[in-house]
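J.: Enclosed is the structure file model12.txt (compact mmCIF, C-alpha atoms and all ligand atoms).
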```
# COMPACT_ATOMS: atom_id res chain seq x y z
CA MET E 1 2.73 -44.65 8.93
CA ASN E 2 3.65 -41.36 10.64
CA ILE E 3 4.36 -38.38 8.40
CA LEU E 4 5.92 -35.11 9.45
CA VAL E 5 4.68 -32.12 7.46
CA ILE E 6 7.04 -29.15 7.35
CA ASN E 7 6.45 -25.58 6.18
CA ALA E 8 9.85 -23.90 6.32
CA GLY E 9 10.19 -20.12 6.09
CA SER E 10 13.39 -18.10 6.22
CA SER E 11 13.29 -17.59 9.98
CA SER E 12 10.46 -19.88 11.02
CA LEU E 13 9.30 -23.45 10.59
CA LYS E 14 5.89 -24.99 11.20
CA TYR E 15 5.32 -28.71 11.68
CA GLN E 16 2.51 -31.22 12.06
CA LEU E 17 2.93 -34.92 12.73
CA TYR E 18 0.23 -37.14 11.20
CA ASN E 19 -0.73 -40.72 11.89
CA MET E 20 -1.86 -41.70 8.38
CA LYS E 21 -3.92 -44.65 9.55
CA THR E 22 -6.38 -42.32 11.24
CA GLU E 23 -5.26 -39.01 9.67
CA ASP E 24 -5.02 -37.66 13.21
CA VAL E 25 -2.57 -34.88 14.08
CA LEU E 26 -0.39 -36.34 16.84
CA ALA E 27 1.46 -33.10 17.53
CA LYS E 28 2.08 -29.73 15.93
CA GLY E 29 4.09 -26.63 16.54
CA ARG E 30 6.44 -24.01 15.22
CA VAL E 31 9.93 -22.66 15.62
CA GLU E 32 10.24 -18.89 15.36
CA ARG E 33 13.19 -16.50 15.22
CA ILE E 34 15.59 -19.05 13.68
CA GLY E 35 19.02 -17.41 13.38
CA MET E 36 18.18 -14.70 15.91
CA ASP E 37 18.77 -14.70 19.64
CA SER E 38 16.06 -16.28 21.81
CA SER E 39 14.43 -18.55 19.26
CA ILE E 40 11.09 -19.99 20.40
CA LEU E 41 9.76 -23.50 19.91
CA THR E 42 6.04 -23.90 20.57
CA HIS E 43 4.75 -27.47 20.73
CA GLU E 44 1.18 -28.69 21.07
CA VAL E 45 -0.28 -32.12 21.68
CA ASP E 46 -4.05 -32.57 21.70
CA HIS E 47 -5.79 -31.61 24.97
CA GLN E 48 -2.51 -30.64 26.66
CA PRO E 49 -1.19 -27.19 27.47
CA GLU E 50 1.15 -25.68 24.87
CA VAL E 51 4.87 -26.12 25.63
CA ARG E 52 7.19 -23.16 24.95
CA GLU E 53 10.94 -23.46 24.91
CA VAL E 54 13.29 -20.53 24.38
CA SER E 55 16.83 -21.33 23.24
CA GLU E 56 19.43 -20.37 20.66
CA ILE E 57 18.54 -21.94 17.30
CA LEU E 58 21.01 -20.68 14.73
CA ASP E 59 19.88 -22.59 11.66
CA HIS E 60 17.19 -24.87 10.21
CA THR E 61 19.19 -28.03 10.94
CA THR E 62 19.20 -27.19 14.64
CA ALA E 63 15.51 -26.25 14.41
CA ILE E 64 14.61 -29.69 13.02
CA LYS E 65 16.80 -31.34 15.66
CA LYS E 66 14.86 -29.45 18.37
CA VAL E 67 11.53 -30.48 16.81
CA LEU E 68 12.63 -34.14 16.75
CA ASP E 69 13.82 -33.88 20.36
CA MET E 70 10.41 -32.50 21.31
CA LEU E 71 8.50 -35.17 19.37
CA THR E 72 10.44 -37.87 21.23
CA HIS E 73 10.55 -36.01 24.58
CA LYS E 74 9.72 -38.25 27.57
CA LYS E 75 7.06 -35.90 28.90
CA PHE E 76 5.85 -33.83 25.93
CA GLY E 77 6.65 -36.19 23.04
CA VAL E 78 4.38 -38.55 21.12
CA LEU E 79 6.97 -40.91 19.60
CA ARG E 80 9.28 -43.49 21.15
CA ASN E 81 12.14 -42.61 18.81
CA ILE E 82 12.72 -40.77 15.54
CA GLN E 83 12.56 -44.05 13.56
CA ASP E 84 8.81 -43.74 14.09
CA ILE E 85 8.75 -40.99 11.44
CA GLN E 86 8.46 -42.80 8.12
CA ALA E 87 8.31 -39.83 5.73
CA VAL E 88 8.45 -36.04 5.60
CA GLY E 89 6.34 -33.79 3.36
CA HIS E 90 7.32 -30.20 2.62
CA ARG E 91 5.22 -27.32 1.41
CA VAL E 92 7.02 -25.57 -1.46
CA VAL E 93 5.56 -22.32 -2.79
CA HIS E 94 6.84 -22.31 -6.37
CA GLY E 95 7.07 -25.29 -8.68
CA GLY E 96 7.16 -23.17 -11.87
CA GLU E 97 6.31 -25.11 -15.02
CA THR E 98 8.55 -27.96 -13.90
CA PHE E 99 6.23 -29.48 -11.31
CA SER E 100 2.60 -30.24 -12.05
CA ARG E 101 2.29 -32.69 -9.16
CA SER E 102 3.91 -33.58 -5.86
CA VAL E 103 7.15 -35.58 -6.10
CA LEU E 104 9.65 -37.38 -3.90
CA VAL E 105 12.86 -35.45 -3.32
CA ASP E 106 16.00 -36.56 -5.18
CA GLN E 107 19.07 -34.72 -6.49
CA ASN E 108 17.28 -33.69 -9.67
CA VAL E 109 14.24 -32.35 -7.82
CA LYS E 110 16.50 -30.26 -5.58
CA LEU E 111 18.29 -28.89 -8.62
CA GLU E 112 14.99 -27.94 -10.27
CA ILE E 113 13.69 -26.22 -7.12
CA ARG E 114 16.95 -24.23 -7.00
CA LYS E 115 16.41 -23.13 -10.61
CA LEU E 116 13.10 -21.60 -9.47
CA PHE E 117 14.66 -19.39 -6.78
CA ASP E 118 14.25 -16.33 -9.05
CA LEU E 119 10.48 -16.81 -9.18
CA ALA E 120 10.07 -17.11 -5.39
CA PRO E 121 13.17 -15.52 -3.85
CA LEU E 122 11.66 -15.27 -0.37
CA HIS E 123 10.17 -18.73 -0.22
CA ASN E 124 11.95 -21.42 -2.25
CA PRO E 125 15.43 -20.91 -0.69
CA ALA E 126 13.85 -21.30 2.75
CA HIS E 127 12.08 -24.51 1.68
CA MET E 128 15.41 -25.86 0.45
CA MET E 129 16.92 -25.12 3.87
CA GLY E 130 14.08 -27.17 5.38
CA ILE E 131 14.78 -30.10 3.04
CA ALA E 132 18.53 -29.98 3.79
CA ALA E 133 17.82 -29.80 7.53
CA VAL E 134 15.64 -32.92 7.40
CA GLU E 135 18.30 -34.70 5.31
CA ALA E 136 20.90 -33.87 7.96
CA ASN E 137 18.74 -35.16 10.82
CA LEU E 138 16.86 -38.02 9.15
CA PRO E 139 19.13 -39.14 6.28
CA ASP E 140 17.22 -42.37 5.60
CA VAL E 141 13.71 -40.94 5.59
CA PRO E 142 12.03 -40.23 2.21
CA GLN E 143 10.91 -36.66 1.66
CA ALA E 144 8.23 -35.30 -0.67
CA VAL E 145 7.57 -31.79 -1.93
CA VAL E 146 4.07 -30.44 -2.48
CA PHE E 147 3.83 -27.24 -4.53
CA ASP E 148 1.39 -24.32 -4.15
CA THR E 149 1.50 -23.81 -7.90
CA ALA E 150 1.19 -27.43 -9.12
CA PHE E 151 -2.61 -27.66 -9.06
CA HIS E 152 -2.87 -24.70 -11.44
CA GLN E 153 -0.57 -26.20 -14.08
CA THR E 154 -3.71 -27.39 -15.90
CA MET E 155 -4.62 -23.78 -16.81
CA PRO E 156 -4.76 -23.28 -20.58
CA PRO E 157 -2.45 -20.67 -22.18
CA SER E 158 -5.41 -18.31 -22.62
CA SER E 159 -5.62 -18.21 -18.80
CA PHE E 160 -1.92 -18.20 -17.93
CA MET E 161 -0.29 -15.96 -20.56
CA TYR E 162 0.22 -12.23 -19.99
CA ALA E 163 -0.41 -10.04 -23.04
CA ILE E 164 3.21 -8.86 -23.19
CA PRO E 165 5.99 -9.78 -25.65
CA THR E 166 6.23 -13.56 -25.70
CA VAL E 167 10.02 -13.42 -25.60
CA LEU E 168 9.62 -12.68 -21.88
CA TYR E 169 7.76 -15.93 -21.42
CA ARG E 170 10.28 -17.89 -23.49
CA LYS E 171 13.35 -16.38 -21.80
CA HIS E 172 12.19 -15.88 -18.22
CA LYS E 173 8.97 -17.88 -17.89
CA ILE E 174 7.01 -14.74 -17.07
CA ARG E 175 3.43 -16.01 -16.94
CA ARG E 176 0.65 -16.58 -14.44
CA TYR E 177 1.18 -19.57 -12.11
CA GLY E 178 -1.39 -19.16 -9.34
CA PHE E 179 -0.97 -20.14 -5.68
CA HIS E 180 -2.90 -21.71 -2.77
CA GLY E 181 -3.14 -24.75 -5.10
CA THR E 182 -3.07 -27.22 -2.21
CA SER E 183 -6.06 -25.46 -0.65
CA HIS E 184 -8.07 -25.12 -3.89
CA ASP E 185 -7.37 -28.79 -4.60
CA TYR E 186 -8.37 -29.91 -1.09
CA VAL E 187 -11.61 -27.92 -0.83
CA SER E 188 -12.76 -28.78 -4.36
CA LYS E 189 -12.43 -32.49 -3.51
CA SER E 190 -14.22 -31.98 -0.16
CA ALA E 191 -16.97 -30.00 -1.90
CA ALA E 192 -17.57 -32.80 -4.44
CA GLU E 193 -17.80 -35.31 -1.58
CA PHE E 194 -20.23 -33.03 0.26
CA LEU E 195 -22.36 -32.58 -2.88
CA GLU E 196 -22.15 -36.34 -3.52
CA ARG E 197 -21.27 -35.69 -7.15
CA PRO E 198 -18.20 -36.67 -9.18
CA LEU E 199 -15.64 -33.86 -9.19
CA GLU E 200 -15.06 -34.52 -12.92
CA GLU E 201 -18.61 -33.31 -13.67
CA LEU E 202 -18.58 -30.13 -11.63
CA LYS E 203 -17.98 -26.46 -12.29
CA LEU E 204 -16.66 -24.99 -9.04
CA ILE E 205 -15.39 -21.61 -7.92
CA THR E 206 -13.21 -21.86 -4.84
CA CYS E 207 -12.51 -18.69 -2.83
CA HIS E 208 -9.51 -19.05 -0.50
CA ILE E 209 -9.93 -15.89 1.55
CA GLY E 210 -7.32 -15.60 4.29
CA ASN E 211 -4.44 -13.22 4.86
CA GLY E 212 -3.54 -13.96 1.28
CA ALA E 213 -6.57 -14.51 -0.96
CA SER E 214 -7.30 -16.08 -4.32
CA CYS E 215 -10.23 -17.46 -6.32
CA ALA E 216 -10.02 -20.40 -8.71
CA ALA E 217 -12.27 -21.63 -11.50
CA ILE E 218 -12.20 -25.42 -11.31
CA LEU E 219 -13.66 -27.10 -14.36
CA ASN E 220 -14.19 -30.88 -14.19
CA GLY E 221 -11.72 -31.17 -11.32
CA LYS E 222 -8.96 -29.16 -13.00
CA SER E 223 -7.86 -25.59 -12.40
CA PHE E 224 -8.99 -23.53 -15.40
CA ASP E 225 -8.08 -20.10 -14.06
CA THR E 226 -7.04 -18.47 -10.81
CA SER E 227 -6.67 -14.92 -9.60
CA MET E 228 -3.02 -14.91 -8.46
CA GLY E 229 -0.40 -14.58 -11.16
CA MET E 230 3.37 -14.86 -11.49
CA THR E 231 3.50 -13.89 -7.82
CA PRO E 232 0.83 -13.89 -5.09
CA LEU E 233 0.30 -10.14 -5.59
CA GLU E 234 -2.18 -10.32 -8.47
CA GLY E 235 -5.92 -10.68 -8.15
CA LEU E 236 -8.05 -10.06 -5.08
CA MET E 237 -7.53 -7.27 -2.58
CA MET E 238 -5.86 -8.87 0.47
CA GLY E 239 -4.90 -8.04 4.05
CA THR E 240 -1.83 -6.02 3.06
CA ARG E 241 -1.56 -6.70 -0.70
CA SER E 242 -3.12 -4.51 -3.37
CA GLY E 243 -4.18 -7.24 -5.78
CA ASP E 244 -4.93 -6.10 -9.35
CA LEU E 245 -3.93 -2.60 -10.32
CA ASP E 246 -2.93 -0.73 -13.47
CA PRO E 247 0.80 -1.50 -13.90
CA ALA E 248 1.28 2.16 -14.90
CA VAL E 249 0.70 3.06 -11.22
CA VAL E 250 4.18 1.70 -10.45
CA PRO E 251 6.34 4.05 -12.59
CA PHE E 252 3.96 6.93 -11.86
CA THR E 253 4.34 6.47 -8.08
CA ILE E 254 8.10 6.05 -8.38
CA ASN E 255 8.32 9.41 -10.17
CA LYS E 256 5.85 11.36 -8.06
CA GLU E 257 6.91 10.08 -4.64
CA GLU E 258 10.60 9.65 -5.46
CA LEU E 259 10.48 6.07 -4.29
CA THR E 260 12.67 3.17 -5.41
CA LEU E 261 11.28 0.13 -7.17
CA ASN E 262 11.86 -1.92 -4.02
CA GLU E 263 9.94 0.59 -1.92
CA VAL E 264 6.95 0.46 -4.26
CA ASN E 265 7.14 -3.33 -4.31
CA SER E 266 7.09 -3.34 -0.53
CA MET E 267 4.18 -0.86 -0.50
CA LEU E 268 2.10 -3.10 -2.78
CA ASN E 269 2.86 -6.26 -0.79
CA LYS E 270 2.96 -5.06 2.80
CA HIS E 271 1.23 -1.68 3.11
CA SER E 272 -1.77 -1.94 0.81
CA GLY E 273 -5.06 -3.87 0.80
CA LEU E 274 -7.38 -3.73 3.82
CA LEU E 275 -4.65 -2.12 5.91
CA ALA E 276 -4.14 0.82 3.53
CA ILE E 277 -7.80 1.57 2.86
CA SER E 278 -9.05 1.18 6.45
CA GLY E 279 -5.97 2.74 8.04
CA ILE E 280 -6.66 0.40 10.96
CA SER E 281 -5.76 -3.21 10.34
CA SER E 282 -5.26 -6.03 7.87
CA ASP E 283 -7.43 -8.29 10.03
CA MET E 284 -11.00 -8.72 8.83
CA ARG E 285 -12.30 -9.08 12.43
CA GLU E 286 -11.14 -5.56 13.26
CA ILE E 287 -12.43 -4.17 9.97
CA VAL E 288 -15.94 -5.55 10.55
CA GLU E 289 -15.96 -4.40 14.18
CA SER E 290 -14.89 -0.90 13.24
CA MET E 291 -17.35 -0.74 10.33
CA ASN E 292 -20.16 -1.71 12.68
CA GLU E 293 -19.13 1.19 14.93
CA GLY E 294 -19.61 3.54 11.99
CA ASN E 295 -16.05 3.87 10.66
CA GLU E 296 -16.42 4.91 7.00
CA LYS E 297 -12.90 3.92 5.98
CA ALA E 298 -13.40 0.42 7.37
CA LYS E 299 -16.71 0.23 5.46
CA LEU E 300 -15.00 1.21 2.20
CA ALA E 301 -12.24 -1.37 2.79
CA PHE E 302 -14.84 -4.08 3.46
CA GLU E 303 -16.91 -3.18 0.39
CA MET E 304 -13.89 -3.03 -1.94
CA TYR E 305 -12.66 -6.38 -0.63
CA ALA E 306 -16.02 -8.10 -1.17
CA TYR E 307 -16.63 -6.40 -4.53
CA ARG E 308 -13.36 -7.72 -5.95
CA ILE E 309 -14.30 -11.29 -4.94
CA ARG E 310 -17.75 -10.87 -6.49
CA LYS E 311 -16.22 -9.62 -9.75
CA TYR E 312 -13.94 -12.64 -9.97
CA ILE E 313 -16.84 -14.99 -9.28
CA GLY E 314 -18.81 -13.33 -12.09
CA ALA E 315 -15.84 -13.62 -14.44
CA TYR E 316 -15.33 -17.29 -13.62
CA ILE E 317 -18.99 -18.12 -14.16
CA ALA E 318 -18.55 -16.69 -17.66
CA ALA E 319 -15.21 -18.49 -18.10
CA MET E 320 -16.80 -21.89 -17.34
CA ASP E 321 -20.20 -21.14 -18.88
CA GLY E 322 -21.88 -21.77 -15.52
CA VAL E 323 -21.18 -22.87 -11.98
CA ASP E 324 -22.51 -25.62 -9.70
CA ALA E 325 -21.07 -24.41 -6.42
CA ILE E 326 -19.11 -21.53 -4.95
CA ILE E 327 -16.89 -22.46 -2.01
CA PHE E 328 -15.54 -20.21 0.72
CA THR E 329 -12.50 -21.28 2.70
CA ALA E 330 -9.52 -20.06 4.84
CA GLY E 331 -9.49 -17.64 7.80
CA VAL E 332 -11.90 -15.01 6.45
CA GLY E 333 -13.87 -17.28 4.11
CA GLU E 334 -14.59 -19.82 6.85
CA ASN E 335 -15.29 -17.37 9.66
CA SER E 336 -16.80 -14.14 8.34
CA ASP E 337 -20.53 -14.49 7.65
CA ALA E 338 -20.61 -10.73 7.02
CA LEU E 339 -18.11 -11.03 4.17
CA ARG E 340 -19.87 -14.03 2.61
CA LYS E 341 -23.18 -12.16 2.72
CA GLU E 342 -21.67 -9.07 1.10
CA VAL E 343 -20.14 -11.15 -1.71
CA CYS E 344 -23.30 -13.16 -2.37
CA LYS E 345 -25.68 -10.22 -2.42
CA GLY E 346 -24.57 -9.41 -5.98
CA LEU E 347 -25.01 -12.96 -7.25
CA THR E 348 -28.80 -13.30 -7.23
CA PHE E 349 -28.92 -12.98 -11.04
CA PHE E 350 -26.99 -16.27 -11.25
CA GLY E 351 -29.46 -17.98 -8.93
CA VAL E 352 -27.61 -17.69 -5.63
CA ARG E 353 -30.03 -17.54 -2.69
CA LEU E 354 -28.21 -17.16 0.59
CA GLU E 355 -29.94 -18.55 3.69
CA GLU E 356 -29.04 -16.11 6.49
CA GLN E 357 -29.39 -18.57 9.35
CA ARG E 358 -27.25 -21.18 7.65
CA ASN E 359 -24.67 -18.50 6.87
CA ALA E 360 -24.47 -17.54 10.54
CA VAL E 361 -23.80 -21.11 11.75
CA ARG E 362 -20.25 -21.81 12.96
CA SER E 363 -18.89 -25.28 12.37
CA SER E 364 -15.67 -27.03 11.48
CA GLN E 365 -17.54 -29.24 9.01
CA PRO E 366 -18.35 -28.51 5.34
CA ARG E 367 -21.80 -26.93 5.07
CA ARG E 368 -24.25 -25.33 2.64
CA ILE E 369 -25.25 -21.72 3.27
CA THR E 370 -27.77 -21.32 0.45
CA THR E 371 -31.47 -22.24 0.47
CA ASP E 372 -32.48 -25.72 -0.71
CA ASP E 373 -33.93 -24.23 -3.94
CA SER E 374 -30.90 -22.08 -4.73
CA VAL E 375 -29.79 -22.88 -8.32
CA VAL E 376 -26.15 -22.48 -7.30
CA SER E 377 -24.95 -23.90 -3.97
CA VAL E 378 -22.64 -21.82 -1.80
CA LEU E 379 -20.59 -23.90 0.62
CA VAL E 380 -18.20 -23.20 3.46
CA VAL E 381 -15.49 -25.86 3.43
CA PRO E 382 -12.64 -25.73 5.97
CA THR E 383 -9.30 -26.05 4.24
CA ASN E 384 -6.51 -28.33 5.42
CA GLU E 385 -3.35 -27.86 3.39
CA GLU E 386 -1.20 -29.87 5.82
CA LEU E 387 -3.46 -32.91 5.52
CA LEU E 388 -3.25 -32.78 1.73
CA ILE E 389 0.56 -32.56 1.96
CA ALA E 390 0.53 -35.58 4.29
CA ARG E 391 -1.79 -37.52 1.94
CA ASP E 392 0.33 -36.77 -1.15
CA THR E 393 3.49 -37.76 0.72
CA TYR E 394 1.87 -40.98 1.91
CA GLN E 395 0.75 -41.85 -1.61
CA LEU E 396 4.18 -41.16 -3.10
CA VAL E 397 5.91 -43.29 -0.48
CA LEU E 398 3.48 -46.17 -1.10
CA GLU E 399 4.07 -45.95 -4.87
CA ARG E 400 7.88 -46.03 -4.52
CA PRO E 401 9.58 -48.85 -6.40
CA ALA E 402 10.72 -51.58 -3.97
CA ASP E 403 14.47 -51.07 -4.60
CA GLU E 404 14.18 -47.37 -3.70
CA ALA E 405 12.12 -48.17 -0.63
CA GLU E 406 14.99 -50.29 0.68
CA SER E 407 17.71 -47.69 0.19
CA PRO E 408 16.29 -44.18 0.16
P1 LIG I 501 -5.46 -17.44 7.12
O1 LIG I 501 -4.44 -16.73 6.28
O2 LIG I 501 -6.30 -18.39 6.35
O3 LIG I 501 -4.88 -18.04 8.38
O4 LIG I 501 -6.48 -16.31 7.63
C1 LIG I 501 -6.11 -15.38 8.61
C2 LIG I 501 -7.11 -14.24 8.62
O5 LIG I 501 -8.43 -14.75 8.87
C3 LIG I 501 -6.90 -13.25 9.75
O6 LIG I 501 -5.96 -12.25 9.39
C4 LIG I 501 -8.25 -12.66 9.93
O7 LIG I 501 -8.37 -11.51 9.12
C5 LIG I 501 -9.21 -13.69 9.38
N1 LIG I 501 -10.15 -14.19 10.40
C6 LIG I 501 -9.94 -15.15 11.33
N2 LIG I 501 -11.05 -15.31 12.10
C7 LIG I 501 -11.98 -14.43 11.63
C8 LIG I 501 -13.33 -14.10 11.98
N3 LIG I 501 -13.96 -14.71 13.00
N4 LIG I 501 -13.95 -13.15 11.28
C9 LIG I 501 -13.32 -12.53 10.25
N5 LIG I 501 -12.08 -12.79 9.86
C10 LIG I 501 -11.39 -13.72 10.54
```
Just give me the structure of the file as structure tokens.

T.:
Amino acid sequence: MNILVINAGSSSLKYQLYNMKTEDVLAKGRVERIGMDSSILTHEVDHQPEVREVSEILDHTTAIKKVLDMLTHKKFGVLRNIQDIQAVGHRVVHGGETFSRSVLVDQNVKLEIRKLFDLAPLHNPAHMMGIAAVEANLPDVPQAVVFDTAFHQTMPPSSFMYAIPTVLYRKHKIRRYGFHGTSHDYVSKSAAEFLERPLEELKLITCHIGNGASCAAILNGKSFDTSMGMTPLEGLMMGTRSGDLDPAVVPFTINKEELTLNEVNSMLNKHSGLLAISGISSDMREIVESMNEGNEKAKLAFEMYAYRIRKYIGAYIAAMDGVDAIIFTAGVGENSDALRKEVCKGLTFFGVRLEEQRNAVRSSQPRRITTDDSVVSVLVVPTNEELLIARDTYQLVLERPADEAESP
């Protein structure tokens, strides 16, 4: 079975085509600048040069049509015809309290995702455009939705409630949801496999450290707590996001700087984090390079970033009354040995013994970076959110009742 995985944004769309027999990626690519002039489709097939096509792509339906044309292209394609796509899986950022697992798309699911637009106004409407675009191009193909929030729906109220009047939760569902769920789910399963222990018996802390960043406490295979909240702004310091801060900073800044609420919101999401403190970049590679050249602001940004991760790890060890393994993943977590070292240097009390040489190794495979006698294992586990979306979609399609399978 071939499954097309789609991550639709408001003006962009990423895709990966999986052969589920082998779990190989047959092709992948992205469409950028949808709705603007000179939209760009970039398409990649293993071991072949990237193909770039510039054209006018006014909406998501045309974008999907272009992707399908490329996938079945005589020279650059990998499929004979579009009937060779048996299912489509979509990444959806917000599933609210409605979705605690991935589901197949039907009228009711679409209605429920629409009801969640308020909670993810930048993301969910774009995902719906992606779903509609696939429907228009592949009307008979089943579609599944995989939510960033679903994995964290197992959090107990003591983890997910904010200490504010509960009427706000009842009326508007203001609570902590958590994100990067697909990644935390994927790497926790990979880590259990690597450790050769049942996931249901493990206490894990997963650190998804990329452009966006979050930690999760995973107790017996279930999310117990995570650092992101109602939106992906809470928690760790990130590339351009502030993470945790005293909410009183918001009205204070509005008054002192004569800014609007929207301007402060934009400041906290797009002009804070590593970028604000270093004054250089939101990219950890540039921060480390500049710090090594003696830049004090870059050093402070690096230390604050690592310190916040270390604090969350400490908190989650207390939350779970112990930890078996700490897992680093995503762009920074997988690639920056300097960051991992800085985080782990404050964890010796808990029995973490980093092995410098292991930490410096680069590999695309899961690996241990602590000594063999370290009480707590620290692992680097590459994440693969698209593969998990493809696997969930595959499973849902296999489980479909026979009558639905005949007439989707
Ligand atoms: P992600 O959001 O998971 O794609 O992560 C993207 C981020 O990973 C980039 O913004 C970089 O800051 C970071 N990154 C990628 N490669 C490296 C590296 N070799 N060292 C440090 N950070 C890296």

J.: Which of these, E:Asp337, E:Asp392, E:Glu286, E:Glu399, has the shortest distance to E:Ile3 once you count all atoms listed in the file?

T.: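 That would be E:Asp392, the residue with the smallest distance to E:Ile3.
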
J.: So which one's closest to E:Gly229, E:Leu388, E:Met70, E:Ile174, E:Ile287? Using only C-alpha atoms, please.

T.: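 Between E:Leu388, E:Met70, E:Ile174, E:Ile287, the residue approaching E:Gly229 most closely is E:Ile174.
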
J.: List the spatial neighbours of E:Met267 as a ChimeraX atom specification - criterion: any atom at most 10 Å away, all atoms listed in the file, same-chain residues fewer than 6 positions off excluded.

T.: /E:240-242,261,273,276

J.: Pick out the closest residue to ligand LIG 501 (chain I) from this set: E:Ser377, E:Gln395, E:Thr329, E:Ser158. Count all atoms listed in the file.

T.: E:Thr329

J.: Can you measure atom CA of E:Thr72 to atom CA of E:Asp84 for me? One decimal in Å is fine.

T.: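 According to the coordinates, atom CA of E:Thr72 and atom CA of E:Asp84 are separated by 9.4 Å.
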
J.: Rounded to one decimal place, report the atom CA of E:Leu41-atom CA of E:Val54 distance in Å.

T.: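 Interatomic distance here is 6.4 Å.
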
J.: Counting all atoms listed in the file, name the residues that have an atom within 9 Å of an atom of ligand LIG 501 (chain I); the answer should be given as a list in words.

T.: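 Counting all atoms listed in the file, the residues within 9 Å of ligand LIG 501 (chain I) come out as His208, Ile209, Gly210, Asn211, Gly212, Ala213, Gly239, Ser281, Ser282, Asp283, Met284, Arg285, Glu286, Ile287, Val288, Thr329, Ala330, Gly331, Val332, Gly333, Glu334, Asn335, Ser336, Asp337, Ala338, Leu339 and Thr383 of chain E.
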
J.: Hey, can you check how far atom CA of E:Glu356 sits from atom CA of E:Arg310?

T.: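 Value for the atom CA of E:Glu356-atom CA of E:Arg310 distance: 18.0 Å.
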
J.: With all atoms listed in the file as the counted atoms, please give the residues lying no more than 7 Å from E:Asn137, apart from itself and same-chain residues fewer than 3 positions off, as a ChimeraX atom specification.

T.: /E:65,133-134
